[in-house]
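Engineer: Next comes the structure file entry.json, holding JSON, C-alpha atoms and all ligand atoms.
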```
[["chain", "number", "residue", "atom", "x", "y", "z"],
["I", 1, "MET", "CA", -19.01, 8.40, -17.55],
["I", 2, "LEU", "CA", -21.16, 6.58, -15.03],
["I", 3, "THR", "CA", -23.67, 3.98, -16.11],
["I", 4, "ARG", "CA", -27.35, 4.53, -15.27],
["I", 5, "GLN", "CA", -27.00, 1.82, -12.62],
["I", 6, "GLN", "CA", -24.02, 3.61, -11.04],
["I", 7, "GLN", "CA", -25.89, 6.92, -11.09],
["I", 8, "LEU", "CA", -28.70, 5.30, -9.12],
["I", 9, "LYS", "CA", -26.45, 3.37, -6.79],
["I", 10, "TYR", "CA", -24.29, 6.35, -5.82],
["I", 11, "SER", "CA", -27.05, 8.98, -6.12],
["I", 12, "ARG", "CA", -26.81, 10.07, -2.46],
["I", 13, "GLN", "CA", -23.12, 10.80, -2.90],
["I", 14, "ILE", "CA", -23.53, 12.41, -6.31],
["I", 15, "MET", "CA", -26.20, 14.77, -4.98],
["I", 16, "MET", "CA", -23.66, 16.24, -2.55],
["I", 17, "LYS", "CA", -22.43, 19.36, -4.29],
["I", 18, "ASP", "CA", -18.84, 18.79, -3.14],
["I", 19, "ILE", "CA", -18.81, 15.35, -4.73],
["I", 20, "GLY", "CA", -21.12, 15.40, -7.74],
["I", 21, "GLU", "CA", -20.74, 13.18, -10.77],
["I", 22, "SER", "CA", -17.12, 14.23, -11.29],
["I", 23, "GLY", "CA", -16.24, 13.15, -7.74],
["I", 24, "GLN", "CA", -17.97, 9.81, -8.21],
["I", 25, "ILE", "CA", -16.08, 9.26, -11.46],
["I", 26, "ALA", "CA", -12.82, 10.12, -9.65],
["I", 27, "LEU", "CA", -13.65, 7.53, -6.98],
["I", 28, "SER", "CA", -14.37, 4.90, -9.63],
["I", 29, "GLN", "CA", -10.96, 5.59, -11.20],
["I", 30, "ALA", "CA", -9.00, 5.65, -7.92],
["I", 31, "THR", "CA", -6.59, 3.04, -6.61],
["I", 32, "ILE", "CA", -6.12, 2.94, -2.84],
["I", 33, "LEU", "CA", -3.55, 0.77, -1.10],
["I", 34, "ILE", "CA", -4.57, -0.34, 2.39],
["I", 35, "ILE", "CA", -1.75, -1.67, 4.55],
["I", 36, "GLY", "CA", -2.94, -3.80, 7.47],
["I", 37, "ILE", "CA", -6.29, -5.57, 7.09],
["I", 38, "GLY", "CA", -7.11, -5.78, 10.79],
["I", 39, "GLY", "CA", -9.31, -3.67, 13.04],
["I", 40, "LEU", "CA", -8.79, -0.47, 11.04],
["I", 41, "GLY", "CA", -8.32, -2.03, 7.60],
["I", 42, "ASN", "CA", -11.55, -4.07, 7.72],
["I", 43, "PRO", "CA", -13.99, -1.15, 8.11],
["I", 44, "ALA", "CA", -11.88, 1.21, 5.99],
["I", 45, "ALA", "CA", -11.90, -1.28, 3.08],
["I", 46, "LEU", "CA", -15.64, -1.84, 3.51],
["I", 47, "TYR", "CA", -16.43, 1.87, 3.38],
["I", 48, "LEU", "CA", -14.16, 2.57, 0.44],
["I", 49, "ALA", "CA", -15.48, -0.34, -1.62],
["I", 50, "ALA", "CA", -19.06, 0.65, -0.72],
["I", 51, "ALA", "CA", -18.38, 4.26, -1.80],
["I", 52, "GLY", "CA", -17.41, 3.03, -5.25],
["I", 53, "VAL", "CA", -13.60, 3.18, -5.20],
["I", 54, "GLY", "CA", -12.41, 1.49, -8.39],
["I", 55, "LYS", "CA", -9.49, -0.53, -7.05],
["I", 56, "LEU", "CA", -8.27, -1.55, -3.62],
["I", 57, "ILE", "CA", -4.93, -3.20, -2.98],
["I", 58, "LEU", "CA", -5.05, -5.04, 0.35],
["I", 59, "VAL", "CA", -1.75, -5.80, 2.10],
["I", 60, "ASP", "CA", -1.40, -8.11, 5.10],
["I", 61, "GLY", "CA", 0.85, -11.09, 5.81],
["I", 62, "ASP", "CA", -0.99, -12.15, 8.98],
["I", 63, "ASN", "CA", -3.52, -14.92, 9.46],
["I", 64, "ILE", "CA", -6.83, -14.52, 11.28],
["I", 65, "GLU", "CA", -6.92, -15.46, 14.98],
["I", 66, "ILE", "CA", -9.93, -15.92, 17.22],
["I", 67, "SER", "CA", -8.98, -12.84, 19.29],
["I", 68, "ASN", "CA", -9.36, -10.69, 16.12],
["I", 69, "LEU", "CA", -13.06, -11.41, 15.69],
["I", 70, "PRO", "CA", -14.56, -8.83, 18.13],
["I", 71, "ARG", "CA", -13.33, -6.00, 15.89],
["I", 72, "GLN", "CA", -12.25, -7.37, 12.48],
["I", 73, "ILE", "CA", -15.79, -7.42, 11.23],
["I", 74, "LEU", "CA", -15.27, -9.05, 7.84],
["I", 75, "PHE", "CA", -14.07, -12.30, 9.48],
["I", 76, "ASN", "CA", -15.81, -15.20, 11.21],
["I", 77, "GLU", "CA", -14.75, -18.40, 12.98],
["I", 78, "GLN", "CA", -14.50, -20.36, 9.72],
["I", 79, "ASP", "CA", -11.82, -17.91, 8.57],
["I", 80, "ILE", "CA", -9.40, -18.60, 11.43],
["I", 81, "ASN", "CA", -5.84, -19.40, 10.22],
["I", 82, "ASN", "CA", -6.57, -17.97, 6.76],
["I", 83, "ASN", "CA", -4.74, -14.91, 5.47],
["I", 84, "LYS", "CA", -6.40, -11.60, 6.33],
["I", 85, "ALA", "CA", -5.96, -9.81, 2.99],
["I", 86, "ASP", "CA", -7.08, -12.86, 1.04],
["I", 87, "THR", "CA", -10.16, -13.43, 3.19],
["I", 88, "ALA", "CA", -11.15, -9.76, 3.18],
["I", 89, "SER", "CA", -10.84, -9.73, -0.60],
["I", 90, "ASP", "CA", -13.24, -12.70, -0.95],
["I", 91, "LYS", "CA", -15.84, -11.06, 1.30],
["I", 92, "LEU", "CA", -15.57, -7.62, -0.30],
["I", 93, "GLN", "CA", -15.66, -9.03, -3.80],
["I", 94, "GLN", "CA", -18.97, -10.76, -3.06],
["I", 95, "GLN", "CA", -20.50, -7.60, -1.66],
["I", 96, "PHE", "CA", -18.97, -5.07, -4.09],
["I", 97, "PRO", "CA", -18.29, -6.79, -7.42],
["I", 98, "ASP", "CA", -17.58, -3.46, -9.16],
["I", 99, "THR", "CA", -14.45, -2.84, -7.10],
["I", 100, "GLU", "CA", -11.30, -4.53, -8.37],
["I", 101, "ILE", "CA", -9.32, -6.00, -5.49],
["I", 102, "GLU", "CA", -5.70, -7.07, -5.51],
["I", 103, "VAL", "CA", -4.21, -9.04, -2.61],
["I", 104, "ILE", "CA", -0.67, -8.91, -1.26],
["I", 105, "ASP", "CA", -0.41, -11.58, 1.42],
["I", 106, "GLU", "CA", 2.88, -10.41, 2.87],
["I", 107, "MET", "CA", 4.23, -7.59, 5.00],
["I", 108, "PHE", "CA", 4.85, -4.27, 3.27],
["I", 109, "ASP", "CA", 8.48, -3.48, 2.47],
["I", 110, "GLN", "CA", 10.70, -1.47, 0.13],
["I", 111, "GLU", "CA", 10.33, -3.95, -2.72],
["I", 112, "LEU", "CA", 6.53, -3.88, -2.61],
["I", 113, "ALA", "CA", 6.63, -0.09, -2.30],
["I", 114, "ASP", "CA", 8.76, 0.20, -5.44],
["I", 115, "TYR", "CA", 6.27, -1.93, -7.32],
["I", 116, "TYR", "CA", 2.92, -0.70, -6.01],
["I", 117, "LEU", "CA", 3.20, 2.88, -4.74],
["I", 118, "ASN", "CA", 3.35, 4.45, -8.17],
["I", 119, "ASP", "CA", 0.01, 2.85, -9.07],
["I", 120, "ALA", "CA", -1.74, 4.03, -5.92],
["I", 121, "ASN", "CA", -3.37, 7.46, -5.60],
["I", 122, "LEU", "CA", -3.30, 7.09, -1.86],
["I", 123, "VAL", "CA", -2.16, 4.82, 0.98],
["I", 124, "LEU", "CA", -4.03, 4.06, 4.19],
["I", 125, "ASP", "CA", -1.78, 2.97, 7.03],
["I", 126, "CYS", "CA", -3.96, 0.65, 9.10],
["I", 127, "THR", "CA", -1.13, -1.23, 10.80],
["I", 128, "ASP", "CA", -0.88, -1.68, 14.53],
["I", 129, "ASN", "CA", 2.74, -0.99, 15.35],
["I", 130, "ILE", "CA", 5.16, 1.89, 15.37],
["I", 131, "ASN", "CA", 7.88, 0.28, 13.24],
["I", 132, "SER", "CA", 5.47, -0.27, 10.35],
["I", 133, "ARG", "CA", 4.22, 3.27, 10.73],
["I", 134, "TYR", "CA", 7.72, 4.76, 10.41],
["I", 135, "LEU", "CA", 8.55, 2.52, 7.44],
["I", 136, "ILE", "CA", 5.32, 3.28, 5.53],
["I", 137, "ASN", "CA", 5.74, 7.01, 6.20],
["I", 138, "LYS", "CA", 9.28, 6.92, 4.82],
["I", 139, "LEU", "CA", 8.33, 4.91, 1.72],
["I", 140, "CYS", "CA", 5.34, 7.16, 0.94],
["I", 141, "VAL", "CA", 7.48, 10.31, 1.33],
["I", 142, "GLN", "CA", 10.16, 8.80, -0.96],
["I", 143, "ASN", "CA", 7.55, 7.90, -3.58],
["I", 144, "LYS", "CA", 5.51, 11.09, -3.10],
["I", 145, "THR", "CA", 2.35, 9.11, -2.38],
["I", 146, "PRO", "CA", -0.23, 10.70, -0.05],
["I", 147, "LEU", "CA", -0.74, 8.77, 3.18],
["I", 148, "ILE", "CA", -3.53, 8.66, 5.75],
["I", 149, "ILE", "CA", -2.42, 7.25, 9.09],
["I", 150, "GLY", "CA", -4.81, 5.76, 11.62],
["I", 151, "ALA", "CA", -3.91, 4.31, 15.01],
["I", 152, "ALA", "CA", -5.86, 3.20, 18.05],
["I", 153, "THR", "CA", -5.32, 1.63, 21.43],
["I", 154, "GLY", "CA", -7.67, 1.24, 24.38],
["I", 155, "PHE", "CA", -10.15, 4.12, 24.15],
["I", 156, "ASP", "CA", -7.75, 6.36, 22.21],
["I", 157, "GLY", "CA", -7.52, 7.03, 18.48],
["I", 158, "GLN", "CA", -5.27, 9.05, 16.22],
["I", 159, "HIS", "CA", -5.52, 10.32, 12.64],
["I", 160, "LEU", "CA", -2.99, 12.17, 10.47],
["I", 161, "MET", "CA", -2.78, 12.87, 6.76],
["I", 162, "VAL", "CA", 0.65, 13.28, 5.16],
["I", 163, "ASN", "CA", 0.82, 14.64, 1.62],
["I", 164, "PRO", "CA", 4.34, 14.53, 0.15],
["I", 165, "LEU", "CA", 3.00, 16.21, -3.01],
["I", 166, "ASP", "CA", 2.62, 19.37, -0.91],
["I", 167, "ASP", "CA", 5.95, 20.94, 0.13],
["I", 168, "LYS", "CA", 4.46, 22.22, 3.37],
["I", 169, "SER", "CA", 3.18, 18.86, 4.61],
["I", 170, "ALA", "CA", 4.65, 17.48, 7.82],
["I", 171, "CYS", "CA", 5.25, 13.73, 7.92],
["I", 172, "TYR", "CA", 4.89, 11.22, 10.75],
["I", 173, "HIS", "CA", 8.60, 11.54, 11.50],
["I", 174, "CYS", "CA", 8.26, 15.34, 11.89],
["I", 175, "LEU", "CA", 5.62, 14.65, 14.53],
["I", 176, "TYR", "CA", 7.50, 11.88, 16.34],
["I", 177, "PRO", "CA", 11.23, 12.08, 15.56],
["I", 178, "SER", "CA", 11.86, 9.29, 18.04],
["I", 179, "SER", "CA", 9.69, 6.30, 18.81],
["I", 180, "GLU", "CA", 9.83, 7.00, 22.58],
["I", 181, "LYS", "CA", 7.43, 9.92, 22.11],
["I", 182, "ALA", "CA", 5.08, 8.12, 19.74],
["I", 183, "PRO", "CA", 2.04, 6.34, 21.14],
["I", 184, "ALA", "CA", 2.89, 2.69, 21.71],
["I", 185, "ASN", "CA", -0.52, 1.54, 20.52],
["I", 186, "ASN", "CA", -0.09, -2.17, 20.46],
["I", 187, "CYS", "CA", -3.46, -3.81, 20.98],
["I", 188, "GLN", "CA", -1.80, -7.04, 22.13],
["I", 189, "THR", "CA", -0.60, -5.33, 25.27],
["I", 190, "ALA", "CA", -3.01, -2.45, 25.77],
["I", 191, "GLY", "CA", -6.35, -3.82, 24.52],
["I", 192, "ILE", "CA", -8.73, -2.23, 22.04],
["I", 193, "LEU", "CA", -12.45, -1.81, 21.38],
["I", 194, "GLY", "CA", -14.06, -2.31, 17.96],
["I", 195, "PRO", "CA", -16.07, 0.94, 17.91],
["I", 196, "VAL", "CA", -12.93, 3.02, 18.57],
["I", 197, "LEU", "CA", -11.35, 1.42, 15.48],
["I", 198, "SER", "CA", -14.52, 2.06, 13.50],
["I", 199, "ILE", "CA", -14.40, 5.78, 14.40],
["I", 200, "VAL", "CA", -10.73, 6.15, 13.45],
["I", 201, "SER", "CA", -11.03, 4.08, 10.26],
["I", 202, "GLY", "CA", -14.18, 6.04, 9.37],
["I", 203, "MET", "CA", -12.12, 9.22, 9.63],
["I", 204, "GLN", "CA", -9.44, 7.63, 7.39],
["I", 205, "ALA", "CA", -12.04, 6.60, 4.80],
["I", 206, "LEU", "CA", -13.59, 10.08, 4.94],
["I", 207, "SER", "CA", -10.21, 11.74, 4.38],
["I", 208, "ALA", "CA", -9.54, 9.34, 1.50],
["I", 209, "ILE", "CA", -12.87, 10.16, -0.17],
["I", 210, "LYS", "CA", -12.29, 13.88, 0.33],
["I", 211, "TYR", "CA", -8.81, 13.69, -1.16],
["I", 212, "ILE", "CA", -9.90, 11.66, -4.20],
["I", 213, "THR", "CA", -12.90, 13.93, -4.84],
["I", 214, "LYS", "CA", -10.68, 17.03, -4.65],
["I", 215, "ASN", "CA", -12.12, 18.34, -1.41],
["I", 216, "LYS", "CA", -9.92, 19.70, 1.33],
["I", 217, "ALA", "CA", -8.32, 16.87, 3.26],
["I", 218, "PRO", "CA", -6.31, 18.74, 5.91],
["I", 219, "ILE", "CA", -2.57, 18.19, 6.29],
["I", 220, "ASN", "CA", -0.52, 19.27, 9.32],
["I", 221, "GLN", "CA", -3.44, 18.41, 11.57],
["I", 222, "LEU", "CA", -3.11, 15.70, 14.19],
["I", 223, "SER", "CA", -6.53, 14.51, 15.38],
["I", 224, "LEU", "CA", -6.76, 12.66, 18.67],
["I", 225, "PHE", "CA", -9.95, 10.90, 19.78],
["I", 226, "ASP", "CA", -10.75, 10.13, 23.41],
["I", 227, "GLY", "CA", -13.40, 7.41, 23.53],
["I", 228, "LEU", "CA", -14.07, 7.99, 27.24],
["I", 229, "THR", "CA", -15.18, 11.60, 26.79],
["I", 230, "ASN", "CA", -16.23, 11.25, 23.11],
["I", 231, "GLN", "CA", -14.03, 14.23, 22.29],
["I", 232, "TRP", "CA", -11.82, 14.91, 19.30],
["I", 233, "GLN", "CA", -8.90, 17.29, 19.69],
["I", 234, "GLN", "CA", -7.07, 18.81, 16.73],
["I", 235, "PHE", "CA", -3.45, 19.90, 16.96],
["I", 236, "ASN", "CA", -1.69, 21.92, 14.29],
["I", 237, "ILE", "CA", 1.72, 20.50, 13.51],
["I", 238, "ARG", "CA", 4.50, 21.82, 11.29],
["I", 239, "LYS", "CA", 6.95, 20.33, 8.90],
["I", 240, "ASN", "CA", 10.37, 20.04, 10.51],
["I", 241, "SER", "CA", 12.84, 21.61, 8.09],
["I", 242, "GLN", "CA", 15.51, 19.27, 9.52],
["I", 243, "CYS", "CA", 13.35, 16.12, 9.33],
["I", 244, "GLU", "CA", 15.53, 13.23, 8.21],
["I", 245, "VAL", "CA", 12.62, 11.73, 6.26],
["I", 246, "CYS", "CA", 10.85, 14.60, 4.49],
["I", 247, "ALA", "CA", 13.13, 17.66, 4.55],
["I", 248, "ASN", "CA", 14.06, 18.83, 1.02],
["I", 249, "LYS", "CA", 12.20, 15.96, -0.58],
["W", 1, "ZN", "ZN", 9.05, 14.84, 8.16]]
```
Represent the structure of the file as structure tokens.
Structural biologist:
Amino acid sequence: MLTRQQQLKYSRQIMMKDIGESGQIALSQATILIIGIGGLGNPAALYLAAAGVGKLILVDGDNIEISNLPRQILFNEQDINNNKADTASDKLQQQFPDTEIEVIDEMFDQELADYYLNDANLVLDCTDNINSRYLINKLCVQNKTPLIIGAATGFDGQHLMVNPLDDKSACYHCLYPSSEKAPANNCQTAGILGPVLSIVSGMQALSAIKYITKNKAPINQLSLFDGLTNQWQQFNIRKNSQCEVCANK
């Protein structure tokens, strides 16, 4: 049940027939793990807390640097050298006291996955490098935890949902069996613009809300955004029956 205050606060979401009160209750009971609290993780966490998600687990071992500030919109100059997950938690908690926030101020690994993935309804991969993306994909497939991947570099963005609870779902490894074919997307070498991250993380937050509220959140669909032409392109992908990560899992 929602309180009268919650009914008022979330009334514009509840009035959407595909969300309704049951969707809002589902959001309030959901736990979402966000890995990487940088340019994608900042806006994604903001939107999910604002939408009324009950619990966020924020994971990041990095500290804030001055070069992060043009796009990591929860942080300011006083936050430099402080941990990203910790700082984001403080800011979000002030703005959205109803959302419970747990902080993990280290890099995600097998041990953390064993402990936290069973509690999470969903994972958002908001990291900025290919090795993390492969690792998180593998751990989510092993634990059968749905995963929404976002990536961005320069003017380009990418979005993919992987749902290991669905036998037909391709995983990130099906898409890019070797890292040579995967987009390098490292903003330290290629540069990045805040609004591109906001578009991709907005898509991640939207997919997360759709999934939690039992709307269709498409799998096997790679979405690529080109910020120079403002165009999205969707590509249908297929599960690789020989995939070394997700086949027969
Ligand atoms: Zn696969």
Engineer: Under the rule that only C-alpha atoms are counted, which of I:Phe155, I:Tyr176, I:Tyr10, I:Tyr115 is the nearest residue to Val53 of chain I?
Structural biologist: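 For Val53 of chain I, the nearest of the candidates is I:Tyr10.
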Engineer: Using all atoms listed in the file, determine which residues fall within 9 Å of ligand ZN 1 (chain W), then list them as a list in words.
Structural biologist: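 Listed by chain and ascending number, the contacts are Asn137, Lys138, Val141, Ser169, Ala170, Cys171, Tyr172, His173, Cys174, Leu175, Tyr176, Pro177, Arg238, Lys239, Asn240, Ser241, Gln242, Cys243, Glu244, Val245, Cys246 and Ala247 of chain I.
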Engineer: I'd like the neighbourhood of Leu197 of chain I as a list of chain:residue names, where a residue qualifies if any of its atoms comes within 9 Å (using all atoms listed in the file), though same-chain residues fewer than 2 positions away should be ignored.
Structural biologist: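 Listed by chain and then number, they are I:Gly39, I:Leu40, I:Pro43, I:Arg71, I:Gly150, I:Ala151, I:Ala152, I:Thr153, I:Gly157, I:Ile192, I:Leu193, I:Gly194, I:Pro195, I:Ile199, I:Val200, I:Ser201, I:Gly202.
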Engineer: Taking (-5.9, 14.0, 10.4) as a centre in this file's frame and 12 Å as the limit, can you find every polymer residue with an atom that close, using only C-alpha atoms, and give them as a PyMOL selection string?
Structural biologist: chain I and resi 124+147-151+157-163+169-172+200-208+210-211+216-225+232-237
Engineer: Determine, counting all atoms listed in the file, which protein, DNA and RNA residues have an atom within 10 Å of an atom of Ile209 of chain I; residues of the same chain fewer than 4 positions away are not included. Present the result as a CSV table (one decimal) with C-alpha atoms, keeping the file's coordinate frame.
Structural biologist:
```
chain,number,residue,atom,x,y,z
I,19,ILE,CA,-18.8,15.4,-4.7
I,23,GLY,CA,-16.2,13.2,-7.7
I,24,GLN,CA,-18.0,9.8,-8.2
I,26,ALA,CA,-12.8,10.1,-9.6
I,27,LEU,CA,-13.6,7.5,-7.0
I,30,ALA,CA,-9.0,5.6,-7.9
I,47,TYR,CA,-16.4,1.9,3.4
I,48,LEU,CA,-14.2,2.6,0.4
I,51,ALA,CA,-18.4,4.3,-1.8
I,52,GLY,CA,-17.4,3.0,-5.2
I,53,VAL,CA,-13.6,3.2,-5.2
I,203,MET,CA,-12.1,9.2,9.6
I,204,GLN,CA,-9.4,7.6,7.4
I,205,ALA,CA,-12.0,6.6,4.8
I,213,THR,CA,-12.9,13.9,-4.8
I,214,LYS,CA,-10.7,17.0,-4.6
I,215,ASN,CA,-12.1,18.3,-1.4
I,217,ALA,CA,-8.3,16.9,3.3
```
Engineer: Report the distance between atom CA of Thr127 of chain I and atom CA of Asn248 of chain I in Å, rounded to one decimal place.
Structural biologist: 27.0 Å
Engineer: Which polymer residues have any atom within 7 Å of an atom of Leu122 of chain I, counting only C-alpha atoms, with same-chain residues fewer than 5 positions away left out, as an MDAnalysis selection string?
Structural biologist: chainID I and resid 32:33 145:147
Engineer: Taking all atoms listed in the file into account, which of I:Leu165, I:Leu2, I:Leu46, I:Met15 comes nearest Ser28 of chain I?
Structural biologist: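 Ranking I:Leu165, I:Leu2, I:Leu46, I:Met15 by distance to Ser28 of chain I, first place goes to I:Leu2.
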Engineer: What does the distance from atom CA of Phe75 of chain I to atom CA of Gln13 of chain I come to in Å, to one decimal?
Structural biologist: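 For atom CA of Phe75 of chain I relative to atom CA of Gln13 of chain I, the distance reads 27.7 Å.
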